[in-house]
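Okay, upload24.cif now, which holds mmCIF, C-alpha atoms:
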```
data_my_file
loop_
_atom_site.group_PDB
_atom_site.id
_atom_site.type_symbol
_atom_site.label_atom_id
_atom_site.label_comp_id
_atom_site.auth_asym_id
_atom_site.auth_seq_id
_atom_site.Cartn_x
_atom_site.Cartn_y
_atom_site.Cartn_z
ATOM 1 C CA MET B 1 27.065 -4.182 20.649
ATOM 2 C CA THR B 2 27.313 -7.660 19.163
ATOM 3 C CA GLU B 3 27.799 -9.597 15.946
ATOM 4 C CA SER B 4 30.112 -7.409 13.918
ATOM 5 C CA ALA B 5 31.855 -9.330 11.128
ATOM 6 C CA ALA B 6 33.347 -8.915 7.672
ATOM 7 C CA PHE B 7 31.627 -9.565 4.352
ATOM 8 C CA ARG B 8 30.357 -13.172 4.128
ATOM 9 C CA PRO B 9 29.728 -14.016 0.438
ATOM 10 C CA LEU B 10 28.597 -17.591 1.069
ATOM 11 C CA HIS B 11 25.974 -16.430 3.557
ATOM 12 C CA LEU B 12 24.870 -13.747 1.099
ATOM 13 C CA LEU B 13 24.365 -16.315 -1.680
ATOM 14 C CA ALA B 14 22.511 -18.647 0.685
ATOM 15 C CA ALA B 15 20.201 -15.794 1.707
ATOM 16 C CA ILE B 16 19.505 -15.006 -1.957
ATOM 17 C CA ALA B 17 18.747 -18.674 -2.658
ATOM 18 C CA PHE B 18 16.217 -19.072 0.156
ATOM 19 C CA PRO B 19 14.861 -16.699 2.825
ATOM 20 C CA GLY B 20 16.680 -17.226 6.113
ATOM 21 C CA ALA B 21 19.296 -19.641 4.710
ATOM 22 C CA GLY B 22 22.102 -17.121 5.215
ATOM 23 C CA HIS B 23 21.370 -16.797 8.922
ATOM 24 C CA ALA B 24 20.942 -20.580 9.218
ATOM 25 C CA LEU B 25 24.390 -21.039 7.666
ATOM 26 C CA ALA B 26 25.757 -18.664 10.292
ATOM 27 C CA GLY B 27 24.295 -20.935 12.988
ATOM 28 C CA ASP B 28 21.503 -18.594 14.039
ATOM 29 C CA ILE B 29 18.757 -21.135 13.531
ATOM 30 C CA ARG B 30 16.037 -19.414 15.562
ATOM 31 C CA ARG B 31 16.516 -16.116 13.739
ATOM 32 C CA ALA B 32 16.601 -17.983 10.409
ATOM 33 C CA ALA B 33 13.342 -19.787 11.179
ATOM 34 C CA LEU B 34 11.615 -16.516 12.104
ATOM 35 C CA ILE B 35 12.886 -14.838 8.920
ATOM 36 C CA CYS B 36 11.877 -17.781 6.733
ATOM 37 C CA GLY B 37 8.424 -18.012 8.319
ATOM 38 C CA GLY B 38 7.881 -14.258 8.092
ATOM 39 C CA VAL B 39 9.033 -13.763 4.491
ATOM 40 C CA LEU B 40 7.363 -16.864 3.095
ATOM 41 C CA GLY B 41 4.295 -16.214 5.244
ATOM 42 C CA LEU B 42 3.906 -12.762 3.703
ATOM 43 C CA PHE B 43 4.667 -14.024 0.183
ATOM 44 C CA PHE B 44 2.266 -16.954 0.250
ATOM 45 C CA GLY B 45 -0.169 -14.908 2.326
ATOM 46 C CA GLY B 46 -0.349 -12.517 -0.620
ATOM 47 C CA ILE B 47 -1.022 -15.405 -2.974
ATOM 48 C CA PHE B 48 -3.662 -16.739 -0.571
ATOM 49 C CA ILE B 49 -5.415 -13.348 -0.550
ATOM 50 C CA GLY B 50 -5.184 -12.412 -4.235
ATOM 51 C CA GLY B 51 -4.689 -15.802 -5.850
ATOM 52 C CA ILE B 52 -1.772 -16.755 -8.071
ATOM 53 C CA ASP B 53 -2.714 -13.752 -10.231
ATOM 54 C CA VAL B 54 -0.730 -11.420 -7.912
ATOM 55 C CA ILE B 55 2.599 -12.917 -9.084
ATOM 56 C CA ASP B 56 2.811 -11.888 -12.720
ATOM 57 C CA ARG B 57 6.105 -10.826 -14.265
ATOM 58 C CA ARG B 58 4.476 -9.994 -17.612
ATOM 59 C CA GLU B 59 1.391 -8.006 -16.553
ATOM 60 C CA ASP B 60 2.786 -6.385 -13.391
ATOM 61 C CA PRO B 61 6.542 -6.125 -14.012
ATOM 62 C CA VAL B 62 7.190 -3.279 -11.574
ATOM 63 C CA TRP B 63 5.562 -5.158 -8.696
ATOM 64 C CA PHE B 64 7.439 -8.296 -9.702
ATOM 65 C CA TYR B 65 10.771 -6.475 -9.302
ATOM 66 C CA GLY B 66 9.975 -6.286 -5.593
ATOM 67 C CA GLN B 67 8.526 -9.793 -5.393
ATOM 68 C CA ALA B 68 11.591 -11.255 -7.135
ATOM 69 C CA LEU B 69 13.667 -10.309 -4.071
ATOM 70 C CA VAL B 70 12.079 -13.287 -2.278
ATOM 71 C CA GLY B 71 14.375 -15.380 -4.468
ATOM 72 C CA PRO B 72 13.927 -18.417 -6.728
ATOM 73 C CA VAL B 73 10.609 -19.170 -5.030
ATOM 74 C CA ALA B 74 9.086 -16.069 -6.672
ATOM 75 C CA PHE B 75 10.397 -17.060 -10.097
ATOM 76 C CA ALA B 76 9.055 -20.595 -9.636
ATOM 77 C CA VAL B 77 5.573 -19.300 -8.767
ATOM 78 C CA ASP B 78 5.642 -16.889 -11.700
ATOM 79 C CA THR B 79 6.739 -19.656 -14.094
ATOM 80 C CA LEU B 80 3.918 -21.852 -12.791
ATOM 81 C CA HIS B 81 1.481 -18.980 -13.360
ATOM 82 C CA GLN B 82 2.714 -18.275 -16.895
ATOM 83 C CA LYS B 83 2.991 -21.911 -18.013
ATOM 84 C CA ARG B 84 0.086 -23.627 -16.258
ATOM 85 C CA PHE B 85 -2.563 -20.981 -15.636
ATOM 86 C CA LYS B 86 -2.391 -18.495 -18.495
ATOM 87 C CA VAL B 87 -3.989 -19.268 -21.828
ATOM 88 C CA ILE B 88 -2.901 -18.537 -25.397
ATOM 89 C CA ASP B 89 -5.332 -16.247 -27.158
ATOM 90 C CA PRO B 90 -6.614 -18.035 -30.320
ATOM 91 C CA GLN B 91 -6.715 -14.763 -32.277
ATOM 92 C CA THR B 92 -3.490 -13.042 -31.300
ATOM 93 C CA GLY B 93 -1.406 -15.961 -30.058
ATOM 94 C CA ALA B 94 -0.472 -13.896 -27.001
ATOM 95 C CA SER B 95 -0.437 -15.270 -23.461
ATOM 96 C CA ARG B 96 -3.130 -13.849 -21.147
ATOM 97 C CA SER B 97 -5.367 -14.719 -18.203
ATOM 98 C CA ALA B 98 -8.465 -16.735 -19.130
ATOM 99 C CA TYR B 99 -11.801 -14.936 -19.250
ATOM 100 C CA PRO B 100 -14.482 -16.177 -16.807
ATOM 101 C CA THR B 101 -16.238 -18.133 -19.572
ATOM 102 C CA GLU B 102 -13.078 -19.748 -20.928
ATOM 103 C CA GLY B 103 -11.162 -22.879 -20.127
ATOM 104 C CA ARG B 104 -7.636 -23.998 -20.979
ATOM 105 C CA ASP B 105 -6.744 -26.810 -23.319
ATOM 106 C CA PRO B 106 -4.085 -28.694 -21.321
ATOM 107 C CA ALA B 107 -2.383 -30.001 -24.445
ATOM 108 C CA THR B 108 -1.941 -26.730 -26.313
ATOM 109 C CA GLY B 109 -2.541 -24.121 -23.602
ATOM 110 C CA ARG B 110 -5.031 -22.356 -25.888
ATOM 111 C CA ALA B 111 -8.211 -20.742 -24.569
ATOM 112 C CA VAL B 112 -11.357 -22.773 -25.204
ATOM 113 C CA GLN B 113 -14.881 -21.422 -24.853
ATOM 114 C CA GLY B 114 -17.172 -22.884 -22.218
ATOM 115 C CA GLY B 115 -14.590 -24.462 -19.965
ATOM 116 C CA THR B 116 -13.488 -23.674 -16.442
ATOM 117 C CA PRO B 117 -10.862 -20.917 -16.113
ATOM 118 C CA PRO B 118 -7.597 -22.214 -14.599
ATOM 119 C CA ASN B 119 -7.711 -19.372 -12.081
ATOM 120 C CA GLN B 120 -9.936 -16.408 -11.267
ATOM 121 C CA LYS B 121 -8.369 -12.995 -11.813
ATOM 122 C CA SER B 122 -8.393 -10.940 -8.630
ATOM 123 C CA ILE B 123 -9.701 -7.383 -8.730
ATOM 124 C CA GLY B 124 -9.885 -4.275 -6.562
ATOM 125 C CA LYS B 125 -8.514 -4.121 -3.031
ATOM 126 C CA VAL B 126 -8.010 -7.885 -2.842
ATOM 127 C CA ASN B 127 -5.622 -7.775 -5.795
ATOM 128 C CA GLU B 128 -3.876 -4.692 -4.439
ATOM 129 C CA LEU B 129 -3.381 -6.177 -0.981
ATOM 130 C CA GLY B 130 -2.253 -9.556 -2.265
ATOM 131 C CA THR B 131 0.290 -7.856 -4.508
ATOM 132 C CA LEU B 132 1.418 -5.609 -1.639
ATOM 133 C CA TYR B 133 1.922 -8.578 0.725
ATOM 134 C CA ALA B 134 4.126 -10.406 -1.799
ATOM 135 C CA THR B 135 6.102 -7.286 -2.712
ATOM 136 C CA LEU B 136 6.739 -6.365 0.925
ATOM 137 C CA ALA B 137 7.980 -9.922 1.482
ATOM 138 C CA GLY B 138 10.603 -9.304 -1.198
ATOM 139 C CA MET B 139 11.600 -5.902 0.153
ATOM 140 C CA LEU B 140 12.000 -7.302 3.666
ATOM 141 C CA ASN B 141 14.044 -10.176 2.273
ATOM 142 C CA LEU B 142 16.432 -7.621 0.782
ATOM 143 C CA ILE B 143 17.114 -6.371 4.318
ATOM 144 C CA VAL B 144 17.649 -9.995 5.358
ATOM 145 C CA ILE B 145 20.044 -10.649 2.439
ATOM 146 C CA ILE B 146 22.102 -7.561 3.288
ATOM 147 C CA ASP B 147 22.185 -8.559 6.956
ATOM 148 C CA ALA B 148 23.357 -12.067 6.054
ATOM 149 C CA GLY B 149 26.149 -10.831 3.777
ATOM 150 C CA PHE B 150 27.174 -7.810 5.796
ATOM 151 C CA PRO B 151 26.389 -8.687 9.418
ATOM 152 C CA SER B 152 25.100 -5.674 11.268
ATOM 153 C CA ARG B 153 25.801 -4.486 14.731
ATOM 154 C CA ARG B 154 22.648 -5.348 16.590
ATOM 155 C CA LYS B 155 21.559 -3.570 19.700
ATOM 156 C CA ALA B 156 22.440 -5.562 22.763
ATOM 157 C CA ALA B 157 19.804 -5.930 25.450
ATOM 158 C CA ALA B 158 19.495 -2.975 27.760
ATOM 159 C CA PRO B 159 20.965 -3.761 31.189
ATOM 160 C CA SER B 160 18.221 -4.496 33.681
ATOM 161 C CA MET I 1 -21.181 8.353 -2.584
ATOM 162 C CA PRO I 2 -19.375 5.867 -4.858
ATOM 163 C CA THR I 3 -21.183 2.678 -5.789
ATOM 164 C CA PRO I 4 -19.834 -0.317 -3.823
ATOM 165 C CA LEU I 5 -17.732 -2.695 -5.885
ATOM 166 C CA PRO I 6 -20.079 -5.708 -5.504
ATOM 167 C CA GLU I 7 -22.972 -3.646 -6.928
ATOM 168 C CA LEU I 8 -20.828 -2.442 -9.812
ATOM 169 C CA CYS I 9 -19.874 -6.018 -10.606
ATOM 170 C CA ALA I 10 -23.386 -7.462 -10.278
ATOM 171 C CA PRO I 11 -24.306 -7.248 -13.984
ATOM 172 C CA LEU I 12 -20.985 -8.791 -14.975
ATOM 173 C CA LEU I 13 -21.329 -11.553 -12.403
ATOM 174 C CA ALA I 14 -24.886 -12.304 -13.515
ATOM 175 C CA ALA I 15 -23.625 -12.709 -17.075
ATOM 176 C CA VAL I 16 -21.110 -15.375 -16.129
ATOM 177 C CA PRO I 17 -22.874 -17.682 -13.657
ATOM 178 C CA ALA I 18 -20.601 -20.612 -14.473
ATOM 179 C CA ALA I 19 -17.538 -18.717 -13.314
ATOM 180 C CA VAL I 20 -19.279 -17.315 -10.222
ATOM 181 C CA ASN I 21 -20.332 -20.772 -9.078
ATOM 182 C CA LEU I 22 -16.840 -22.213 -9.264
ATOM 183 C CA PRO I 23 -15.560 -23.608 -5.980
ATOM 184 C CA TRP I 24 -12.831 -21.541 -4.367
ATOM 185 C CA ARG I 25 -9.333 -22.981 -4.818
ATOM 186 C CA PRO I 26 -6.823 -21.786 -2.168
ATOM 187 C CA PHE I 27 -3.715 -20.008 -3.508
ATOM 188 C CA ILE I 28 -5.210 -20.068 -7.034
ATOM 189 C CA ASP I 29 -8.354 -17.969 -6.674
ATOM 190 C CA PRO I 30 -8.640 -14.756 -4.616
ATOM 191 C CA ILE I 31 -10.508 -14.770 -1.310
ATOM 192 C CA ASP I 32 -13.718 -12.763 -0.979
ATOM 193 C CA VAL I 33 -12.804 -10.032 1.501
ATOM 194 C CA HIS I 34 -13.995 -7.030 -0.489
ATOM 195 C CA ARG I 35 -16.071 -5.818 2.476
ATOM 196 C CA ALA I 36 -13.406 -6.312 5.144
ATOM 197 C CA TRP I 37 -10.202 -5.678 3.220
ATOM 198 C CA TYR I 38 -8.941 -3.173 5.802
ATOM 199 C CA LEU I 39 -8.608 -5.953 8.390
ATOM 200 C CA LEU I 40 -5.790 -7.420 6.303
ATOM 201 C CA ILE I 41 -3.491 -4.724 7.707
ATOM 202 C CA VAL I 42 -3.226 -6.729 10.953
ATOM 203 C CA PRO I 43 -1.479 -9.835 9.509
ATOM 204 C CA LEU I 44 0.503 -7.555 7.174
ATOM 205 C CA ALA I 45 1.836 -5.469 10.064
ATOM 206 C CA LEU I 46 2.551 -8.626 12.061
ATOM 207 C CA GLY I 47 4.488 -10.195 9.180
ATOM 208 C CA ILE I 48 6.558 -7.061 8.624
ATOM 209 C CA SER I 49 7.357 -6.871 12.344
ATOM 210 C CA ILE I 50 8.301 -10.563 12.573
ATOM 211 C CA VAL I 51 10.902 -10.264 9.789
ATOM 212 C CA TYR I 52 12.231 -6.803 10.624
ATOM 213 C CA LYS I 53 12.664 -7.515 14.318
ATOM 214 C CA ALA I 54 14.262 -10.908 13.560
ATOM 215 C CA VAL I 55 17.024 -8.950 11.844
ATOM 216 C CA ARG I 56 17.242 -6.022 14.265
ATOM 217 C CA VAL I 57 16.792 -7.443 17.765
ATOM 218 C CA GLY I 58 20.006 -8.500 19.490
ATOM 219 C CA ASP I 59 18.615 -10.162 22.579
ATOM 220 C CA MET I 60 15.985 -12.617 21.377
ATOM 221 C CA ARG I 61 14.291 -12.609 24.795
ATOM 222 C CA GLN I 62 13.021 -9.162 23.852
ATOM 223 C CA TYR I 63 11.779 -10.380 20.467
ATOM 224 C CA PRO I 64 8.081 -11.140 21.179
ATOM 225 C CA ARG I 65 7.573 -7.813 22.957
ATOM 226 C CA GLN I 66 9.372 -5.876 20.216
ATOM 227 C CA VAL I 67 7.243 -7.563 17.534
ATOM 228 C CA ALA I 68 4.041 -6.760 19.419
ATOM 229 C CA VAL I 69 5.055 -3.116 19.913
ATOM 230 C CA MET I 70 6.021 -2.639 16.255
ATOM 231 C CA THR I 71 2.784 -4.277 15.067
ATOM 232 C CA VAL I 72 0.706 -1.925 17.206
ATOM 233 C CA GLN I 73 2.811 1.044 16.048
ATOM 234 C CA ILE I 74 2.205 0.229 12.362
ATOM 235 C CA ILE I 75 -1.538 -0.268 12.807
ATOM 236 C CA GLY I 76 -1.830 2.877 14.942
ATOM 237 C CA ALA I 77 0.177 4.966 12.472
ATOM 238 C CA MET I 78 -1.920 3.784 9.535
ATOM 239 C CA ALA I 79 -5.132 4.518 11.449
ATOM 240 C CA LEU I 80 -3.880 8.035 12.238
ATOM 241 C CA LEU I 81 -2.883 8.574 8.593
ATOM 242 C CA GLY I 82 -6.362 7.455 7.537
ATOM 243 C CA LEU I 83 -7.955 9.828 10.035
ATOM 244 C CA ALA I 84 -5.721 12.684 8.892
ATOM 245 C CA SER I 85 -6.621 12.023 5.249
ATOM 246 C CA TYR I 86 -10.308 11.988 6.131
ATOM 247 C CA LEU I 87 -10.099 15.272 8.022
ATOM 248 C CA LEU I 88 -8.089 16.898 5.221
ATOM 249 C CA ILE I 89 -10.387 15.823 2.388
ATOM 250 C CA GLU I 90 -13.763 16.052 4.135
ATOM 251 C CA HIS I 91 -13.299 19.064 6.424
ATOM 252 C CA ILE I 92 -10.134 21.131 5.947
ATOM 253 C CA VAL I 93 -10.103 21.436 2.142
ATOM 254 C CA PRO I 94 -13.865 22.227 1.949
ATOM 255 C CA ALA I 95 -13.342 24.881 4.657
ATOM 256 C CA ILE I 96 -10.524 26.521 2.680
ATOM 257 C CA PHE I 97 -12.178 26.150 -0.728
ATOM 258 C CA PRO I 98 -15.959 26.135 -0.135
ATOM 259 C CA ALA I 99 -18.156 24.702 -2.896
ATOM 260 C CA ARG I 100 -19.782 27.387 -5.059
#
```
If you took the structure in this file and wrote it as structure tokens, what would it be?
Amino acid sequence: MTESAAFRPLHLLAAIAFPGAGHALAGDIRRAALICGGVLGLFFGGIFIGGIDVIDRREDPVWFYGQALVGPVAFAVDTLHQKRFKVIDPQTGASRSAYPTEGRDPATGRAVQGGTPPNQKSIGKVNELGTLYATLAGMLNLIVIIDAGFPSRRKAAAPS
Amino acid sequence: MPTPLPELCAPLLAAVPAAVNLPWRPFIDPIDVHRAWYLLIVPLALGISIVYKAVRVGDMRQYPRQVAVMTVQIIGAMALLGLASYLLIEHIVPAIFPAR
């Protein structure tokens, strides 16, 4: 058995701030790099598959609870989605995704007919899988955060 | 047999040619993998294994092998679950409750 230690609040906060930062602070750079690459790879892999539409705190709040565990990165992507890609409906004044035949007025953010939509809304399995990738990234990062704050006893290598 | 999604969407897509002809923008628009979506389990399983084993493995010399084993385990388990679901829905349930 190895690596048993007391609660490390600084490492916990670092892990919350950025995936792998808690382990990097503890000096385990290789493990931190693998965690960072894995979590962010899954998170941005989900966005690559389903588009930025898969990170949506307003339309898919339950999924976003899981995605938010990736940390500030998830909130930054969601803010970008809400502020730069969604349009304001001229009738209701509510924020929504642009329809395929609509564009976005960059000055006001309102939907305009005949333009190019800021993003295409993903549908079906592609949307489901993209959302799942990003949510699993957050859930795995929760394990990472707990491990950074409350270092676990890892299995030592079996004697050869 | 259910109508494939692309056929269901064809009338809608024909109605909005401007949107259909838009160039794909990475990380903004979704990729078109509606026919091969099930292959996305491979990078998903690999990503899960990379993170989980980075936390769990003590001796990092064992890491690549552990990641490979866990990836294969996830894919194999999901394939078996899919097969079990197929057998249950298509064969076992109809055998227990035959159609009138």
Quiz item: Could you spell out the hits of the PyMOL selection byres ((chain I) within 9 of (chain B)) on the shown file, as JSON, numbers by chain?
Solution: {"I": [5, 16, 17, 18, 19, 20, 22, 25, 26, 27, 28, 29, 30, 31, 32, 33, 34, 37, 38, 40, 41, 43, 44, 46, 47, 48, 49, 50, 51, 52, 54, 55, 56, 57, 58, 59, 60, 61, 62]}
Quiz item: Hey, what comes out of the PyMOL selection byres ((chain B and resi 59) around 12) on this file? Could you write it as a ChimeraX atom specification?
Solution: /B:53-58,60-65,78,81-82,86,95-97,121
Quiz item: Which residue, I:Met78, I:Glu90, I:Lys53, I:Ala99, has the smallest gap to Gln66 of chain I when you use only C-alpha atoms?
Solution: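 Residue with the minimum atom-to-atom distance to Gln66 of chain I: I:Lys53.
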Quiz item: What is the distance, in Å and to one decimal place, between atom CA of Ala15 of chain B and atom CA of Ala74 of chain B?
Solution: 13.9 Å
Quiz item: Distance atom CA of Thr71 of chain I-atom CA of Val42 of chain I, one decimal place?
Solution: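 Atom-to-atom, atom CA of Thr71 of chain I to atom CA of Val42 of chain I, that is 7.7 Å.
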Exercise. Place a sphere of radius 9 Å on (-2.4, -21.0, -26.2) in the file coordinates and name every protein, DNA or RNA residue with an atom inside or on its surface, counting all atoms listed in the file; give the answer as an MDAnalysis selection string.
Key: chainID B and resid 86:90 93:96 104:105 108:111
Quiz item: Nearest to Ile16 of chain B: which of B:Val70, B:Ala107, B:Gln91, B:Ile29 is it, counting all atoms listed in the file?
Solution: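 Looking at the shortest contact to Ile16 of chain B, the residue is B:Val70.
Our summary of the geometry notes that atom CA of Ala26 of chain B is positioned 13.6 Å from atom CA of Ile146 of chain B.
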Quiz prompt | Evaluate the PyMOL selection byres ((chain B and resi 6-11) around 7) and report residues as a PyMOL selection string | solution = chain B and resi 5+12-15+22+25+148-150
Quiz item: Using all atoms listed in the file, which of I:Ile89, I:Ala45, I:Leu39, I:Ala95 sits nearest Ala77 of chain I?
Solution: I:Ala45
Segment 85-100 of chain B from the block above: N, CA, C and O atoms written as an mmCIF file, in the first residue's frame:
```
data_model
loop_
_atom_site.group_PDB
_atom_site.id
_atom_site.type_symbol
_atom_site.label_atom_id
_atom_site.label_comp_id
_atom_site.auth_asym_id
_atom_site.auth_seq_id
_atom_site.Cartn_x
_atom_site.Cartn_y
_atom_site.Cartn_z
ATOM 1 N N PHE B 85 -23.932 32.105 -29.018
ATOM 2 C CA PHE B 85 -24.530 31.212 -30.012
ATOM 3 C C PHE B 85 -26.053 31.199 -29.964
ATOM 4 O O PHE B 85 -26.687 30.934 -30.976
ATOM 5 N N LYS B 86 -26.629 31.433 -28.812
ATOM 6 C CA LYS B 86 -28.094 31.455 -28.741
ATOM 7 C C LYS B 86 -28.622 32.798 -29.235
ATOM 8 O O LYS B 86 -27.912 33.806 -29.192
ATOM 9 N N VAL B 87 -29.872 32.759 -29.690
ATOM 10 C CA VAL B 87 -30.494 33.989 -30.185
ATOM 11 C C VAL B 87 -31.655 34.373 -29.261
ATOM 12 O O VAL B 87 -32.171 33.544 -28.516
ATOM 13 N N ILE B 88 -32.031 35.643 -29.337
ATOM 14 C CA ILE B 88 -33.202 36.124 -28.583
ATOM 15 C C ILE B 88 -34.394 36.095 -29.513
ATOM 16 O O ILE B 88 -34.356 36.674 -30.609
ATOM 17 N N ASP B 89 -35.423 35.379 -29.095
ATOM 18 C CA ASP B 89 -36.628 35.269 -29.919
ATOM 19 C C ASP B 89 -37.303 36.644 -30.036
ATOM 20 O O ASP B 89 -37.583 37.271 -29.013
ATOM 21 N N PRO B 90 -37.575 37.115 -31.270
ATOM 22 C CA PRO B 90 -38.176 38.458 -31.426
ATOM 23 C C PRO B 90 -39.568 38.560 -30.803
ATOM 24 O O PRO B 90 -39.954 39.629 -30.334
ATOM 25 N N GLN B 91 -40.299 37.433 -30.779
ATOM 26 C CA GLN B 91 -41.662 37.478 -30.229
ATOM 27 C C GLN B 91 -41.671 37.416 -28.700
ATOM 28 O O GLN B 91 -42.298 38.233 -28.041
ATOM 29 N N THR B 92 -40.978 36.433 -28.170
ATOM 30 C CA THR B 92 -41.070 36.195 -26.720
ATOM 31 C C THR B 92 -39.970 36.889 -25.924
ATOM 32 O O THR B 92 -40.100 37.067 -24.713
ATOM 33 N N GLY B 93 -38.861 37.198 -26.592
ATOM 34 C CA GLY B 93 -37.728 37.785 -25.873
ATOM 35 C C GLY B 93 -36.902 36.753 -25.124
ATOM 36 O O GLY B 93 -35.949 37.098 -24.427
ATOM 37 N N ALA B 94 -37.266 35.473 -25.290
ATOM 38 C CA ALA B 94 -36.533 34.408 -24.587
ATOM 39 C C ALA B 94 -35.315 33.974 -25.406
ATOM 40 O O ALA B 94 -35.292 34.098 -26.628
ATOM 41 N N SER B 95 -34.321 33.451 -24.704
ATOM 42 C CA SER B 95 -33.110 32.953 -25.352
ATOM 43 C C SER B 95 -33.357 31.517 -25.830
ATOM 44 O O SER B 95 -33.909 30.703 -25.106
ATOM 45 N N ARG B 96 -32.967 31.222 -27.067
ATOM 46 C CA ARG B 96 -33.132 29.867 -27.610
ATOM 47 C C ARG B 96 -32.108 29.634 -28.712
ATOM 48 O O ARG B 96 -31.464 30.578 -29.181
ATOM 49 N N SER B 97 -31.997 28.366 -29.152
ATOM 50 C CA SER B 97 -31.130 28.046 -30.277
ATOM 51 C C SER B 97 -31.772 28.571 -31.558
ATOM 52 O O SER B 97 -32.993 28.569 -31.693
ATOM 53 N N ALA B 98 -30.943 28.999 -32.508
ATOM 54 C CA ALA B 98 -31.464 29.526 -33.772
ATOM 55 C C ALA B 98 -32.030 28.396 -34.613
ATOM 56 O O ALA B 98 -31.507 27.275 -34.610
ATOM 57 N N TYR B 99 -33.111 28.686 -35.323
ATOM 58 C CA TYR B 99 -33.670 27.723 -36.276
ATOM 59 C C TYR B 99 -32.747 27.653 -37.499
ATOM 60 O O TYR B 99 -31.971 28.591 -37.751
ATOM 61 N N PRO B 100 -32.849 26.569 -38.293
ATOM 62 C CA PRO B 100 -31.931 26.424 -39.435
ATOM 63 C C PRO B 100 -31.985 27.570 -40.440
ATOM 64 O O PRO B 100 -31.032 27.790 -41.171
#
```
